[in-house]
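The data block below is protein05.pdb; it holds PDB, C-alpha atoms.
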ATOM      1  CA  ASN A   1     -63.893 -16.303 -44.791
ATOM      2  CA  LEU A   2     -60.498 -17.061 -43.263
ATOM      3  CA  ARG A   3     -58.960 -18.401 -46.476
ATOM      4  CA  THR A   4     -59.907 -15.212 -48.329
ATOM      5  CA  VAL A   5     -58.410 -13.003 -45.614
ATOM      6  CA  LEU A   6     -55.193 -15.033 -45.649
ATOM      7  CA  ARG A   7     -54.895 -14.844 -49.435
ATOM      8  CA  LYS A   8     -55.475 -11.086 -49.430
ATOM      9  CA  ALA A   9     -53.307 -10.177 -46.424
ATOM     10  CA  GLN A  10     -50.470 -12.699 -46.995
ATOM     11  CA  PRO A  11     -49.160 -12.432 -43.407
ATOM     12  CA  ARG A  12     -45.780 -13.984 -42.633
ATOM     13  CA  ILE A  13     -46.655 -14.501 -38.969
ATOM     14  CA  ILE A  14     -50.050 -15.536 -37.584
ATOM     15  CA  GLY A  15     -50.997 -15.310 -33.910
ATOM     16  CA  ILE A  16     -53.873 -17.387 -32.553
ATOM     17  CA  SER A  17     -55.223 -16.920 -29.041
ATOM     18  CA  ALA A  18     -56.435 -20.165 -27.502
ATOM     19  CA  SER A  19     -58.616 -20.810 -24.479
ATOM     20  CA  MET A  20     -59.648 -24.209 -23.176
ATOM     21  CA  VAL A  21     -62.903 -24.185 -25.115
ATOM     22  CA  THR A  22     -61.296 -23.007 -28.363
ATOM     23  CA  ILE A  23     -58.550 -25.657 -28.593
ATOM     24  CA  PRO A  24     -60.394 -27.635 -31.326
ATOM     25  CA  SER A  25     -60.979 -24.495 -33.419
ATOM     26  CA  THR A  26     -57.389 -23.341 -32.775
ATOM     27  CA  VAL A  27     -56.165 -26.585 -34.356
ATOM     28  CA  VAL A  28     -58.531 -26.156 -37.329
ATOM     29  CA  VAL A  29     -57.474 -22.519 -37.866
ATOM     30  CA  ALA A  30     -53.778 -23.473 -37.673
ATOM     31  CA  LYS A  31     -54.310 -26.165 -40.315
ATOM     32  CA  ILE A  32     -56.137 -23.749 -42.626
ATOM     33  CA  VAL A  33     -53.323 -21.215 -42.225
ATOM     34  CA  ARG A  34     -50.683 -23.897 -42.904
ATOM     35  CA  ASP A  35     -52.585 -25.053 -46.035
ATOM     36  CA  GLU A  36     -52.956 -21.505 -47.385
ATOM     37  CA  LEU A  37     -49.573 -20.091 -46.306
ATOM     38  CA  PRO A  38     -47.104 -22.968 -45.884
ATOM     39  CA  GLY A  39     -44.195 -20.629 -45.131
ATOM     40  CA  ALA A  40     -45.959 -18.539 -42.482
ATOM     41  CA  LYS A  41     -45.015 -18.947 -38.836
ATOM     42  CA  ILE A  42     -47.947 -19.868 -36.604
ATOM     43  CA  ILE A  43     -47.825 -18.808 -32.955
ATOM     44  CA  VAL A  44     -50.444 -19.864 -30.399
ATOM     45  CA  GLY A  45     -50.843 -18.057 -27.081
ATOM     46  CA  GLY A  46     -53.494 -17.531 -24.432
ATOM     47  CA  PRO A  47     -54.485 -19.771 -21.514
ATOM     48  CA  GLY A  48     -54.923 -22.774 -23.822
ATOM     49  CA  ALA A  49     -51.265 -22.585 -24.840
ATOM     50  CA  VAL A  50     -50.310 -23.086 -21.178
ATOM     51  CA  THR A  51     -52.898 -25.676 -20.179
ATOM     52  CA  CYS A  52     -52.723 -27.749 -23.392
ATOM     53  CA  SER A  53     -49.121 -27.084 -24.410
ATOM     54  CA  GLU A  54     -48.176 -30.725 -25.021
ATOM     55  CA  GLU A  55     -51.161 -31.310 -27.294
ATOM     56  CA  LEU A  56     -50.645 -28.094 -29.240
ATOM     57  CA  ILE A  57     -46.864 -28.218 -29.733
ATOM     58  CA  HIS A  58     -47.117 -31.702 -31.259
ATOM     59  CA  ASN A  59     -49.441 -30.313 -33.937
ATOM     60  CA  GLU A  60     -47.311 -29.896 -37.068
ATOM     61  CA  ALA A  61     -49.252 -26.789 -38.117
ATOM     62  CA  ILE A  62     -48.178 -24.887 -34.994
ATOM     63  CA  ASP A  63     -44.626 -23.521 -34.835
ATOM     64  CA  PHE A  64     -44.492 -21.775 -31.453
ATOM     65  CA  LEU A  65     -46.417 -21.441 -28.203
ATOM     66  CA  VAL A  66     -46.230 -18.290 -26.103
ATOM     67  CA  LEU A  67     -46.553 -19.356 -22.480
ATOM     68  CA  GLY A  68     -47.886 -16.824 -19.996
ATOM     69  CA  GLU A  69     -48.262 -13.116 -20.672
ATOM     70  CA  GLY A  70     -47.603 -12.531 -24.321
ATOM     71  CA  GLU A  71     -46.928  -8.825 -24.785
ATOM     72  CA  ASP A  72     -43.150  -8.856 -24.350
ATOM     73  CA  THR A  73     -42.641 -12.471 -25.419
ATOM     74  CA  LEU A  74     -44.567 -12.096 -28.669
ATOM     75  CA  ALA A  75     -42.830  -8.815 -29.534
ATOM     76  CA  GLU A  76     -39.431 -10.431 -28.985
ATOM     77  CA  LEU A  77     -40.354 -13.588 -30.924
ATOM     78  CA  VAL A  78     -41.726 -11.617 -33.881
ATOM     79  CA  SER A  79     -38.605  -9.412 -33.953
ATOM     80  CA  PHE A  80     -36.474 -12.549 -34.032
ATOM     81  CA  LEU A  81     -38.552 -14.183 -36.786
ATOM     82  CA  LEU A  82     -38.383 -11.037 -38.917
ATOM     83  CA  GLY A  83     -34.616 -10.842 -38.447
ATOM     84  CA  ARG A  84     -34.658  -7.428 -36.841
ATOM     85  CA  LYS A  85     -31.599  -5.985 -35.181
ATOM     86  CA  ASN A  86     -31.333  -5.554 -31.409
ATOM     87  CA  CYS A  87     -33.194  -8.743 -30.589
ATOM     88  CA  ALA A  88     -32.292 -12.233 -29.417
ATOM     89  CA  GLU A  89     -29.708 -14.029 -31.520
ATOM     90  CA  HIS A  90     -31.089 -17.493 -30.725
ATOM     91  CA  LEU A  91     -34.594 -18.767 -30.002
ATOM     92  CA  GLU A  92     -33.355 -20.261 -26.742
ATOM     93  CA  GLU A  93     -32.792 -16.711 -25.454
ATOM     94  CA  ILE A  94     -36.471 -15.767 -25.732
ATOM     95  CA  ARG A  95     -38.184 -16.429 -22.424
ATOM     96  CA  GLY A  96     -41.675 -17.917 -22.276
ATOM     97  CA  ILE A  97     -41.869 -19.928 -25.515
ATOM     98  CA  MET A  98     -42.160 -23.568 -26.548
ATOM     99  CA  TYR A  99     -41.196 -24.901 -29.973
ATOM    100  CA  ARG A 100     -39.942 -27.957 -31.816
ATOM    101  CA  LYS A 101     -36.295 -28.298 -32.800
ATOM    102  CA  ALA A 102     -35.957 -31.427 -34.943
ATOM    103  CA  THR A 103     -37.479 -34.138 -32.701
ATOM    104  CA  GLU A 104     -36.924 -32.225 -29.462
ATOM    105  CA  ILE A 105     -39.435 -29.967 -27.688
ATOM    106  CA  ILE A 106     -37.764 -26.844 -26.306
ATOM    107  CA  THR A 107     -39.364 -24.882 -23.460
ATOM    108  CA  THR A 108     -37.498 -21.739 -22.474
ATOM    109  CA  PRO A 109     -37.551 -20.364 -18.911
ATOM    110  CA  SER A 110     -40.711 -18.471 -18.023
ATOM    111  CA  ARG A 111     -40.864 -14.715 -18.264
ATOM    112  CA  PRO A 112     -41.698 -12.738 -15.113
ATOM    113  CA  LEU A 113     -45.231 -11.364 -14.949
ATOM    114  CA  ILE A 114     -45.714  -7.712 -15.815
ATOM    115  CA  SER A 115     -45.873  -5.963 -12.447
ATOM    116  CA  ASP A 116     -47.173  -2.610 -13.731
ATOM    117  CA  LEU A 117     -50.205  -3.209 -15.953
ATOM    118  CA  ASP A 118     -50.481   0.557 -16.479
ATOM    119  CA  SER A 119     -47.232   0.346 -18.480
ATOM    120  CA  LEU A 120     -49.039  -1.555 -21.231
ATOM    121  CA  PRO A 121     -50.281   0.595 -24.111
ATOM    122  CA  PHE A 122     -53.943   0.569 -25.025
ATOM    123  CA  PRO A 123     -54.744  -2.024 -27.696
ATOM    124  CA  ASP A 124     -54.430  -0.798 -31.292
ATOM    125  CA  ARG A 125     -58.120  -1.090 -32.040
ATOM    126  CA  ASP A 126     -57.677   0.515 -35.473
ATOM    127  CA  ALA A 127     -55.735  -2.597 -36.511
ATOM    128  CA  MET A 128     -58.742  -4.870 -35.838
ATOM    129  CA  PHE A 129     -60.604  -5.641 -39.024
ATOM    130  CA  ILE A 130     -63.137  -7.743 -40.833
ATOM    131  CA  LEU A 131     -63.437  -8.542 -44.503
ATOM    132  CA  GLY A 132     -66.469  -6.642 -45.777
ATOM    133  CA  LYS A 133     -69.002  -7.862 -48.324
ATOM    134  CA  ASP A 134     -67.123  -5.820 -50.943
ATOM    135  CA  GLY A 135     -63.951  -7.862 -50.284
ATOM    136  CA  LYS A 136     -62.111  -4.953 -48.656
ATOM    137  CA  PHE A 137     -60.738  -4.777 -45.141
ATOM    138  CA  GLN A 138     -62.875  -2.705 -42.780
ATOM    139  CA  THR A 139     -61.986  -1.664 -39.256
ATOM    140  CA  ILE A 140     -64.442  -2.566 -36.523
ATOM    141  CA  HIS A 141     -65.223  -0.566 -33.438
ATOM    142  CA  SER A 142     -68.671  -1.750 -32.417
ATOM    143  CA  ASN A 143     -67.530  -3.318 -29.135
ATOM    144  CA  THR A 144     -64.352  -3.961 -27.188
ATOM    145  CA  ASP A 145     -62.918  -5.299 -23.954
ATOM    146  CA  ILE A 146     -61.034  -3.351 -21.330
ATOM    147  CA  LEU A 147     -58.400  -5.049 -19.215
ATOM    148  CA  ALA A 148     -58.724  -3.974 -15.582
ATOM    149  CA  SER A 149     -56.803  -6.770 -13.858
ATOM    150  CA  ARG A 150     -54.977 -10.032 -14.352
ATOM    151  CA  GLY A 151     -54.889 -13.066 -12.136
ATOM    152  CA  CYS A 152     -57.186 -14.441  -9.486
ATOM    153  CA  PRO A 153     -56.673 -15.196  -5.794
ATOM    154  CA  TYR A 154     -58.949 -18.275  -5.836
ATOM    155  CA  SER A 155     -58.391 -21.927  -6.787
ATOM    156  CA  CYS A 156     -61.642 -22.971  -8.425
ATOM    157  CA  LYS A 157     -61.395 -26.500  -9.817
ATOM    158  CA  PHE A 158     -63.117 -25.527 -13.077
ATOM    159  CA  CYS A 159     -60.806 -22.571 -13.802
ATOM    160  CA  CYS A 160     -57.294 -22.483 -15.235
ATOM    161  CA  ALA A 161     -56.391 -18.992 -13.965
ATOM    162  CA  PHE A 162     -53.749 -20.277 -11.544
ATOM    163  CA  VAL A 163     -52.183 -22.531 -14.184
ATOM    164  CA  ALA A 164     -52.278 -19.812 -16.844
ATOM    165  CA  TRP A 165     -50.814 -17.071 -14.636
ATOM    166  CA  GLY A 166     -48.693 -19.284 -12.389
ATOM    167  CA  THR A 167     -49.753 -17.414  -9.268
ATOM    168  CA  HIS A 168     -52.725 -16.562  -7.066
ATOM    169  CA  LYS A 169     -51.639 -12.930  -7.040
ATOM    170  CA  THR A 170     -54.051 -10.489  -8.669
ATOM    171  CA  ARG A 171     -52.618  -7.420 -10.383
ATOM    172  CA  PHE A 172     -54.735  -4.353 -11.063
ATOM    173  CA  ARG A 173     -54.539  -1.379 -13.369
ATOM    174  CA  GLY A 174     -54.869   2.015 -11.761
ATOM    175  CA  THR A 175     -58.227   3.762 -11.825
ATOM    176  CA  ASP A 176     -56.752   6.745 -13.703
ATOM    177  CA  SER A 177     -55.489   4.475 -16.477
ATOM    178  CA  ILE A 178     -58.844   2.705 -16.834
ATOM    179  CA  LEU A 179     -60.712   6.038 -16.931
ATOM    180  CA  GLU A 180     -58.255   7.356 -19.518
ATOM    181  CA  GLU A 181     -58.940   4.332 -21.737
ATOM    182  CA  LEU A 182     -62.716   4.687 -21.310
ATOM    183  CA  THR A 183     -62.477   8.374 -22.224
ATOM    184  CA  HIS A 184     -60.319   7.527 -25.241
ATOM    185  CA  LEU A 185     -62.810   4.878 -26.402
ATOM    186  CA  ASN A 186     -65.723   7.271 -26.027
ATOM    187  CA  SER A 187     -64.078  10.224 -27.758
ATOM    188  CA  THR A 188     -62.458   8.152 -30.540
ATOM    189  CA  TYR A 189     -65.121   5.537 -31.304
ATOM    190  CA  GLY A 190     -68.254   6.782 -29.580
TER     191      GLY A 190
END
Show me, as structure tokens, the structure contained in the file I just sent.
Amino acid sequence: NLRTVLRKAQPRIIGISASMVTIPSTVVVAKIVRDELPGAKIIVGGPGAVTCSEELIHNEAIDFLVLGEGEDTLAELVSFLLGRKNCAEHLEEIRGIMYRKATEIITTPSRPLISDLDSLPFPDRDAMFILGKDGKFQTIHSNTDILASRGCPYSCKFCCAFVAWGTHKTRFRGTDSILEELTHLNSTYG
């Protein structure tokens, strides 16, 4: 279970992806993490972080929200939290985050969308794991998702795509990049 994984792994930073339907479980997971690892930093991203930011940032178990695309923002925030060199000196310099500072809620300016989706590396699927029945971490490769595009040109009332991305523009990966990832998945994981 989650508590066992947290006790074994002892992460200093936890990232939780939230969608509209997972907001209640996001809050529960954040509380479990806070109970088990009081000193860990808890970061919530995903569409739910944008659409329910006020609700989430007021939750004492959640330290930061990543608003919008998270690749660059999360990397910069984690570098800052770990005290690495060559990163922002102050949280206010990191674009696309929301956090509490005493009684104030700070929202930094948004980060521009990634224009070239082909510039993103393939996900590190070897880092995805489960806790096996023997209590050891085991990598999983039974299924995966492939990102082919981001955004949506439509304005459906039931969908938060426009709010989450901040635009009706759709961005696509190139066919060569998608085929390269499919080939990699087939040759590496079958």
Worksheet entry | Residues matched by the PyMOL selection byres ((chain A and resi 115-121) around 7) as a count of residues only | 8
Give me, as a Markdown table, the closest atom pair and its distance (Å, one decimal) for every residue of region 30-135 of chain A within a cut-off of 9 Å of region 11-25 of chain A, counting only C-alpha atoms, rows sorted by chain and rising number.
| residue | atom | partner | partner_atom | distance |
| --- | --- | --- | --- | --- |
| A:Ala30 | CA | A:Ile16 | CA | 8.0 |
| A:Val33 | CA | A:Ile14 | CA | 8.0 |
| A:Leu37 | CA | A:Arg12 | CA | 8.1 |
| A:Gly39 | CA | A:Arg12 | CA | 7.3 |
| A:Ala40 | CA | A:Arg12 | CA | 4.6 |
| A:Lys41 | CA | A:Ile13 | CA | 4.7 |
| A:Ile42 | CA | A:Ile14 | CA | 4.9 |
| A:Ile43 | CA | A:Gly15 | CA | 4.8 |
| A:Val44 | CA | A:Ile16 | CA | 4.7 |
| A:Gly45 | CA | A:Ser17 | CA | 4.9 |
| A:Gly46 | CA | A:Ser17 | CA | 5.0 |
| A:Pro47 | CA | A:Ser19 | CA | 5.2 |
| A:Gly48 | CA | A:Ser19 | CA | 4.2 |
| A:Ala49 | CA | A:Ala18 | CA | 6.3 |
| A:Thr51 | CA | A:Met20 | CA | 7.5 |
| A:Cys52 | CA | A:Met20 | CA | 7.8 |
| A:Leu56 | CA | A:Ile23 | CA | 8.3 |
| A:Leu74 | CA | A:Gly15 | CA | 8.9 |
| A:Val78 | CA | A:Ile13 | CA | 7.6 |
| A:Leu81 | CA | A:Ile13 | CA | 8.4 |
| A:Leu82 | CA | A:Arg12 | CA | 8.8 |
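Distances here use all atoms listed in the file; by that measure, the residue among A:Ile106, A:Ala9, A:Thr139, A:Ser149 closest to Ser53 (chain A) is A:Ile106.
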Leaving out Glu76 (chain A) and any residue of its chain fewer than 4 positions from it, which residues lie within 8 Å of it when counting only C-alpha atoms, given as a PDB file with C-alpha atoms, in the frame of the given file?
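Resulting contents of selection.pdb:
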ATOM      1  CA  ASP A  72     -43.150  -8.856 -24.350  1.00  0.00           C
ATOM      2  CA  PHE A  80     -36.474 -12.549 -34.032  1.00  0.00           C
ATOM      3  CA  CYS A  87     -33.194  -8.743 -30.589  1.00  0.00           C
ATOM      4  CA  ALA A  88     -32.292 -12.233 -29.417  1.00  0.00           C
ATOM      5  CA  ILE A  94     -36.471 -15.767 -25.732  1.00  0.00           C
TER       6      ILE A  94
END
Worksheet item: Counting all atoms listed in the file, which of A:Lys136, A:Ile57, A:Arg84, A:Asp63 gets nearest to Thr4 (chain A)?
Response: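 Among the listed residues, A:Lys136 lies closest to Thr4 (chain A).
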Discussion item. List as a PyMOL selection string the protein and nucleic acid residues near Ile105 (chain A), meaning an atom at most 12 Å away when all atoms listed in the file are counted, but skip any in the same chain fewer than 2 places from it.
Written reply: chain A and resi 53-59+63-65+92+97-103+107-108
Item to complete: Quick one: pull the distance between CA of Ser79 (chain A) and CA of Glu181 (chain A), Å, one decimal.
Response: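 Taking CA of Ser79 (chain A) and CA of Glu181 (chain A), their separation equals 27.4 Å.
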Worksheet item: Of the candidates A:Val163, A:Lys31, A:Gln10, A:Ser142, which one gets nearest to Ile130 (chain A) if we count all atoms listed in the file?
Response: A:Ser142
Practice prompt. Tell me which of A:Leu182, A:Cys160, A:Thr167, A:Arg111 sits closest to Asp145 (chain A), counting all atoms listed in the file.
Written response: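 Checking each candidate against Asp145 (chain A), we get A:Leu182 as the closest.
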Discussion item. Just the number, please: distance in Å from CA of Lys85 (chain A) to CA of Gly68 (chain A), one decimal.
Written reply: 24.8 Å
Worksheet entry | Atom-to-atom span, CA of Arg171 (chain A) and CA of Ala148 (chain A), Å |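 Those two atoms sit 8.7 Å apart.
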Worksheet item: Taking into account only C-alpha atoms, which residue in the set A:Cys159, A:Ala75, A:Val27, A:Val5 is nearest to Phe137 (chain A)?
Response: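 The shortest atom-to-atom distance to Phe137 (chain A) comes from A:Val5.
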Worksheet entry | Selected residue of minimal separation from Arg125 (chain A) among A:Asn86, A:Thr73, A:Asn1, A:Thr188, counting all atoms listed in the file |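 Ranking A:Asn86, A:Thr73, A:Asn1, A:Thr188 by distance to Arg125 (chain A), first place goes to A:Thr188.
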Item to complete: Give as a PyMOL selection string the residues that the PyMOL selection byres ((chain A and resi 151) around 9) matches when applied to the coordinates above.
Response: chain A and resi 149-150+152-153+161-162+164-172
